[in-house]
Amino acid sequence: MTANKIKPRYRLVVIFLVAMAIVHGIEFWQQRTKIFAGYGDFSSLYTAGLLVRQGEGNLLYDRSEQWKWQQKFAPNVDIRQGPMPFIRPPFEALIFLPLTYFPYPTALVVWSLIKIVLLWLTIRILPRPAPFDRVYPYWLEVVLGLGLFPVFLDLLQGQDAILLLLIIAAVLTRLQSGNDVVAGAILMLGLFKFHLVIPIAIMLWLAGRPRILVGFVPGGIALVALSCVTSGVGILYSYPSYLLNLNRATGAGFITAQSMPNLRGLLTAFLGRAPYPGPTHWLLLPVAIAAIMLTARFWRPFASTGFSGLALGYCLVLLVAILTSY
């Protein structure tokens, strides 16, 4: 597919995404006061960086400490009666430590610019086999990416999803070249969202790419060790306990199972929010395990049959990982 053979429907998609990018830019500008005041999720990431910078990595999951620091750099967020909690593993806090040398609004701008570069890198490294040869220049594809709502929401909230997107794309490139060990090592870098990455690793393994674990498992152990260095060995107990307590907290605005676009959200919508563990959780576990195993079994015959089978199967793996995530 070349530039002079672009079908009209592709032109319509381009026009739509450019228009959405403009709409997102306008919305971002209108919300800029609240964004820079600390309303977004970036406040939790910035807090984690501050705690590690102060040598208080052992207090990453202390809600009183989180609240104390957020009151210092985001005192005017009137919708919160408590802190925006940091829910990532301790090692991710190290990424945001350098940003804490800037004031919060500046740090958010720097992080947003970094993510736009990461978005460009993602587009840059994605394989483009025939007939899907590159049609548009990279800068235009970045603009089209900014027209996608998930990208806009990540930038609006100051989240870390674009970083994971780059990692997922890099894994595909290594799988395509047959370098599964490196693919596993790259996938390991996404363990800051372990509820998504671990199912992906399991499905790749079961689908006939076992060498993925050679890079994934040792790297995962290294990240656990790095987390212990950052926050102390006690984090191996306190972090799971912290996540469990957040999950049990009813009425917590940052955990609304019914709004999650996954199997858990669907089951919660029908069964209601039950105490943990409840019917939702007992149903979710076996269904999620079955979906993961069936996906790997279905993809296995096509996992090594050229890029088409690899790419389609990989997209299926990503979809199932999202739907079965907690």
# chains A, B, ... in the order shown; residues from 1 in each chain; ligands from 1
>>> residues_around(residues="Ile235 in chain A", least_positions_apart="3", cutoff="12 Å", atoms="only C-alpha atoms", output="count of residues only")
24
>>> select_by_dssp(residues="range 43-110 of chain A", states="alpha helix (DSSP H)", output="ChimeraX atom specification")
/A:43-53,63-73,90-96,104-110
>>> closest_residue(among="A:Leu45, A:Ile292, A:Ala169, A:Val214", to="Ile87 in chain A", atoms="only C-alpha atoms")
A:Leu45
>>> residues_around(residues="His24 in chain A", least_positions_apart="4", cutoff="8 Å", atoms="only C-alpha atoms", output="list of chain:residue names")
A:Met20, A:Phe28, A:Leu146, A:Gly147, A:Phe152
>>> write_last_selection(atoms="N, CA and C atoms", output="PDB file, in the first residue's frame")
ATOM      1  N   MET A  20      -9.927  14.505  16.322  1.00  0.00           N
ATOM      2  CA  MET A  20      -9.964  14.106  17.718  1.00  0.00           C
ATOM      3  C   MET A  20      -8.728  14.600  18.470  1.00  0.00           C
ATOM      4  N   PHE A  28      -7.581  19.347  26.985  1.00  0.00           N
ATOM      5  CA  PHE A  28      -6.424  19.420  27.875  1.00  0.00           C
ATOM      6  C   PHE A  28      -6.187  20.863  28.308  1.00  0.00           C
ATOM      7  N   LEU A 146      -2.312  10.679  19.055  1.00  0.00           N
ATOM      8  CA  LEU A 146      -2.872  11.604  20.039  1.00  0.00           C
ATOM      9  C   LEU A 146      -4.387  11.741  19.879  1.00  0.00           C
ATOM     10  N   GLY A 147      -4.907  11.290  18.746  1.00  0.00           N
ATOM     11  CA  GLY A 147      -6.351  11.312  18.553  1.00  0.00           C
ATOM     12  C   GLY A 147      -7.061  10.134  19.168  1.00  0.00           C
ATOM     13  N   PHE A 152      -4.970   9.965  24.986  1.00  0.00           N
ATOM     14  CA  PHE A 152      -5.356  11.244  25.574  1.00  0.00           C
ATOM     15  C   PHE A 152      -5.573  11.116  27.078  1.00  0.00           C
TER      16      PHE A 152
END
>>> closest_residue(among="A:Val14, A:Ala161, A:Met84, A:Ile200", to="Leu246 in chain A", atoms="only C-alpha atoms")
A:Met84
>>> closest_residue(among="A:Ile114, A:Leu144, A:Leu244, A:Ala93", to="Phe192 in chain A", atoms="only C-alpha atoms")
A:Ala93
>>> residues_around(residues="Asp78 in chain A", least_positions_apart="3", cutoff="9 Å", atoms="only C-alpha atoms", output="list in words")
Tyr39, Pro75 and Gln81 of chain A
>>> residues_around(residues="Asp154 in chain A", least_positions_apart="5", cutoff="10 Å", atoms="only C-alpha atoms", output="tab-separated table (two decimals) with N, CA and C atoms, in the first residue's frame")
chain	number	residue	atom	x	y	z
A	40	GLY	N	-4.72	14.79	38.81
A	40	GLY	CA	-4.51	13.55	38.07
A	40	GLY	C	-3.76	12.48	38.84
A	41	ASP	N	-3.64	11.32	38.19
A	41	ASP	CA	-2.95	10.18	38.81
A	41	ASP	C	-1.45	10.41	38.98
A	42	PHE	N	-0.90	11.36	38.23
A	42	PHE	CA	0.53	11.62	38.34
A	42	PHE	C	0.92	12.02	39.76
A	112	SER	N	5.00	14.33	30.45
A	112	SER	CA	4.13	14.27	29.27
A	112	SER	C	4.95	14.32	27.99
A	115	LYS	N	6.53	11.01	27.39
A	115	LYS	CA	5.58	10.01	26.89
A	115	LYS	C	5.25	10.23	25.42
A	149	PHE	N	-8.42	7.96	22.22
A	149	PHE	CA	-8.84	8.34	23.57
A	149	PHE	C	-7.96	7.77	24.67
A	159	GLN	N	-0.52	9.22	33.57
A	159	GLN	CA	-0.32	7.82	33.90
A	159	GLN	C	0.93	7.26	33.22
A	160	ASP	N	1.10	5.93	33.32
A	160	ASP	CA	2.30	5.27	32.81
A	160	ASP	C	1.98	4.23	31.74
A	161	ALA	N	0.78	4.28	31.15
A	161	ALA	CA	0.36	3.26	30.19
A	161	ALA	C	1.16	3.34	28.89
A	162	ILE	N	1.56	4.54	28.47
A	162	ILE	CA	2.31	4.67	27.22
A	162	ILE	C	3.67	3.99	27.36
>>> residues_around(residues="range 308-313 of chain A", least_positions_apart="2", cutoff="12 Å", atoms="only C-alpha atoms", output="NGL selection string")
:A and (126-132 or 168-169 or 171-178 or 200 or 203-204 or 207-209 or 295-306 or 315-320)
>>> residues_around(residues="Met188 in chain A", least_positions_apart="3", cutoff="7 Å", atoms="only C-alpha atoms", output="ChimeraX atom specification")
/A:184-185,191,216,219-220
>>> atom_distance(atom1="CA of Val142 in chain A", atom2="CA of Glu27 in chain A")
18.1 Å
>>> atom_distance(atom1="CA of Pro105 in chain A", atom2="CA of Ser43 in chain A")
10.1 Å
>>> closest_residue(among="A:Phe36, A:Trp139, A:Phe86, A:Phe73", to="Leu108 in chain A", atoms="only C-alpha atoms")
A:Phe36
>>> closest_residue(among="A:Phe194, A:Tyr104, A:Tyr138, A:Trp29", to="Glu92 in chain A", atoms="only C-alpha atoms")
A:Phe194
>>> closest_residue(among="A:His195, A:Gln258, A:Leu236, A:Val151", to="Thr324 in chain A", atoms="only C-alpha atoms")
A:His195
